[in-house]
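Have a look at the structure below, then the notes.
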Amino acid sequence: MQRREPKPCDSGAARYSSLWYAWVGGRSIIPANRSAWIPRVEGWSSLKASPDLQISAFLANRAGVVAHLSEALAERGVNIRAMTVLDTVDIGTMRMLVDNVEVAKEALDVAGAAYVEVPVVTIPIPNTLGAFARISRAIADAGINIEYVYASSVPGADYTLGVFRVSDHRAALALEFDVESAEAMS
């Protein structure tokens, strides 16, 4: 099987390490002092998306690499707020939201990790029947493509944090999501 190298992002340069490899670039667009993660409008009846910055680290697809990266972040006091790991034959992509992007980047640099910063929007999704359907429908009706999304919910929790990579970041941030209608479906 032929190995395919990742494509460069517009703002980066190639960087290789024995654990991770990818294209490095970008700057943080998120202020260090973030507001509460459930932005609401009009008396708690609807929700709004918030801008966030995801770090995507590219890593070898082998045992211990995710643990090594997670430990490197923890040693620097960085909390992983959300994460998903995707795999291919040769490499994996660890997409994550962290509580301190700048310190996370320093920890990744020290660990020899390659990464890119990706603007995403986060949307609190009520843990009720049909809530994700209503949010994804509102995004689609606005003509916005969901390129990928990840979320998970703890049983009994009121909300989950949905992390969305969308085709039109600004338009997604302008949307308002009706929570009451979703709750009525459950």
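Residues are named by chain letter and number: chains run A, B, ... in the order of the structure tokens, numbers start at 1 in each chain, and ligands are numbered from 1 in the order shown.
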
Report task. Compile the contact shell of region 142-145 of chain A as a list of chain:residue names: residues with an atom at most 7 Å away, counting only C-alpha atoms, same-chain residues fewer than 3 positions apart removed. Result -> A:Ala138, A:Ile139, A:Val166, A:Ser167, A:Asp168

Requested in this report: Enumerate the residues of region 62-114 of chain A with a DSSP assignment of helix (DSSP H, G or I), computed from the backbone, and present them as a PyMOL selection string.
Outcome: chain A and resi 65-75+101-111

Please, could you write that set of residues out with N, CA and C atoms as a PDB file, in the first residue's frame?
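Output file result.pdb is given in full below:
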```
ATOM      1  N   VAL A  65       0.447   6.339  21.727  1.00  0.00           N
ATOM      2  CA  VAL A  65       0.635   7.701  21.218  1.00  0.00           C
ATOM      3  C   VAL A  65      -0.406   8.656  21.804  1.00  0.00           C
ATOM      4  N   VAL A  66      -1.658   8.255  21.861  1.00  0.00           N
ATOM      5  CA  VAL A  66      -2.696   9.112  22.448  1.00  0.00           C
ATOM      6  C   VAL A  66      -2.410   9.332  23.927  1.00  0.00           C
ATOM      7  N   ALA A  67      -1.979   8.294  24.622  1.00  0.00           N
ATOM      8  CA  ALA A  67      -1.634   8.430  26.043  1.00  0.00           C
ATOM      9  C   ALA A  67      -0.478   9.407  26.222  1.00  0.00           C
ATOM     10  N   HIS A  68       0.540   9.318  25.381  1.00  0.00           N
ATOM     11  CA  HIS A  68       1.697  10.213  25.482  1.00  0.00           C
ATOM     12  C   HIS A  68       1.287  11.668  25.284  1.00  0.00           C
ATOM     13  N   LEU A  69       0.471  11.908  24.288  1.00  0.00           N
ATOM     14  CA  LEU A  69       0.021  13.275  24.014  1.00  0.00           C
ATOM     15  C   LEU A  69      -0.852  13.801  25.156  1.00  0.00           C
ATOM     16  N   SER A  70      -1.760  12.988  25.637  1.00  0.00           N
ATOM     17  CA  SER A  70      -2.634  13.387  26.751  1.00  0.00           C
ATOM     18  C   SER A  70      -1.818  13.684  28.007  1.00  0.00           C
ATOM     19  N   GLU A  71      -0.812  12.869  28.272  1.00  0.00           N
ATOM     20  CA  GLU A  71       0.059  13.098  29.433  1.00  0.00           C
ATOM     21  C   GLU A  71       0.850  14.392  29.284  1.00  0.00           C
ATOM     22  N   ALA A  72       1.339  14.674  28.079  1.00  0.00           N
ATOM     23  CA  ALA A  72       2.094  15.909  27.838  1.00  0.00           C
ATOM     24  C   ALA A  72       1.234  17.130  28.137  1.00  0.00           C
ATOM     25  N   LEU A  73      -0.032  17.080  27.751  1.00  0.00           N
ATOM     26  CA  LEU A  73      -0.948  18.189  28.031  1.00  0.00           C
ATOM     27  C   LEU A  73      -1.234  18.287  29.531  1.00  0.00           C
ATOM     28  N   ALA A  74      -1.502  17.159  30.165  1.00  0.00           N
ATOM     29  CA  ALA A  74      -1.818  17.152  31.600  1.00  0.00           C
ATOM     30  C   ALA A  74      -0.642  17.668  32.432  1.00  0.00           C
ATOM     31  N   GLU A  75       0.572  17.296  32.049  1.00  0.00           N
ATOM     32  CA  GLU A  75       1.760  17.755  32.791  1.00  0.00           C
ATOM     33  C   GLU A  75       1.899  19.273  32.760  1.00  0.00           C
ATOM     34  N   VAL A 101      -5.369  27.160  24.962  1.00  0.00           N
ATOM     35  CA  VAL A 101      -4.787  26.853  23.661  1.00  0.00           C
ATOM     36  C   VAL A 101      -3.291  27.159  23.631  1.00  0.00           C
ATOM     37  N   GLU A 102      -2.889  28.300  24.149  1.00  0.00           N
ATOM     38  CA  GLU A 102      -1.480  28.699  24.074  1.00  0.00           C
ATOM     39  C   GLU A 102      -0.573  27.734  24.848  1.00  0.00           C
ATOM     40  N   VAL A 103      -0.982  27.346  26.049  1.00  0.00           N
ATOM     41  CA  VAL A 103      -0.181  26.403  26.830  1.00  0.00           C
ATOM     42  C   VAL A 103      -0.199  25.025  26.168  1.00  0.00           C
ATOM     43  N   ALA A 104      -1.328  24.647  25.582  1.00  0.00           N
ATOM     44  CA  ALA A 104      -1.413  23.370  24.872  1.00  0.00           C
ATOM     45  C   ALA A 104      -0.433  23.342  23.700  1.00  0.00           C
ATOM     46  N   LYS A 105      -0.347  24.433  22.959  1.00  0.00           N
ATOM     47  CA  LYS A 105       0.588  24.494  21.830  1.00  0.00           C
ATOM     48  C   LYS A 105       2.029  24.357  22.315  1.00  0.00           C
ATOM     49  N   GLU A 106       2.352  24.998  23.432  1.00  0.00           N
ATOM     50  CA  GLU A 106       3.695  24.867  24.005  1.00  0.00           C
ATOM     51  C   GLU A 106       3.970  23.406  24.382  1.00  0.00           C
ATOM     52  N   ALA A 107       2.992  22.756  25.019  1.00  0.00           N
ATOM     53  CA  ALA A 107       3.158  21.357  25.426  1.00  0.00           C
ATOM     54  C   ALA A 107       3.334  20.459  24.208  1.00  0.00           C
ATOM     55  N   LEU A 108       2.574  20.704  23.154  1.00  0.00           N
ATOM     56  CA  LEU A 108       2.695  19.911  21.933  1.00  0.00           C
ATOM     57  C   LEU A 108       4.051  20.126  21.272  1.00  0.00           C
ATOM     58  N   ASP A 109       4.525  21.369  21.276  1.00  0.00           N
ATOM     59  CA  ASP A 109       5.843  21.657  20.705  1.00  0.00           C
ATOM     60  C   ASP A 109       6.939  20.911  21.466  1.00  0.00           C
ATOM     61  N   VAL A 110       6.877  20.952  22.803  1.00  0.00           N
ATOM     62  CA  VAL A 110       7.869  20.273  23.629  1.00  0.00           C
ATOM     63  C   VAL A 110       7.816  18.762  23.391  1.00  0.00           C
ATOM     64  N   ALA A 111       6.616  18.224  23.215  1.00  0.00           N
ATOM     65  CA  ALA A 111       6.444  16.791  22.990  1.00  0.00           C
ATOM     66  C   ALA A 111       6.824  16.377  21.564  1.00  0.00           C
TER      67      ALA A 111
END
```

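Distances from A:Ile125, A:Ala131, A:Leu59, A:Val120 to Ile91 (chain A) were compared using only C-alpha atoms, and the smallest one belongs to A:Leu59.
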
Query raised in the report: Rounded to one decimal in Å, what is the spacing between CA of Glu176 (chain A) and CA of Gly130 (chain A)?
Result: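 Going from CA of Glu176 (chain A) over to CA of Gly130 (chain A) covers 16.2 Å.
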
**Report entry** For CA of Lys48 (chain A) and CA of Gly77 (chain A), the interatomic separation in Å (one decimal)
**Finding:**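 Computing it gives 29.0 Å between the two atoms.
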
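Proximity of A:Ala82, A:Ala174, A:Pro119, A:His169 to Ser153 (chain A), computed with only C-alpha atoms, is greatest for A:Ala82.
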
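Nearest-residue note for Ile123 (chain A): choosing from A:Ala60, A:Leu97, A:Thr84, A:Ala151, the minimum distance belongs to A:Ala151, counting only C-alpha atoms.
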
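If you look at CA of Ala114 (chain A) and CA of Pro51 (chain A), they are 22.9 Å away from each other.
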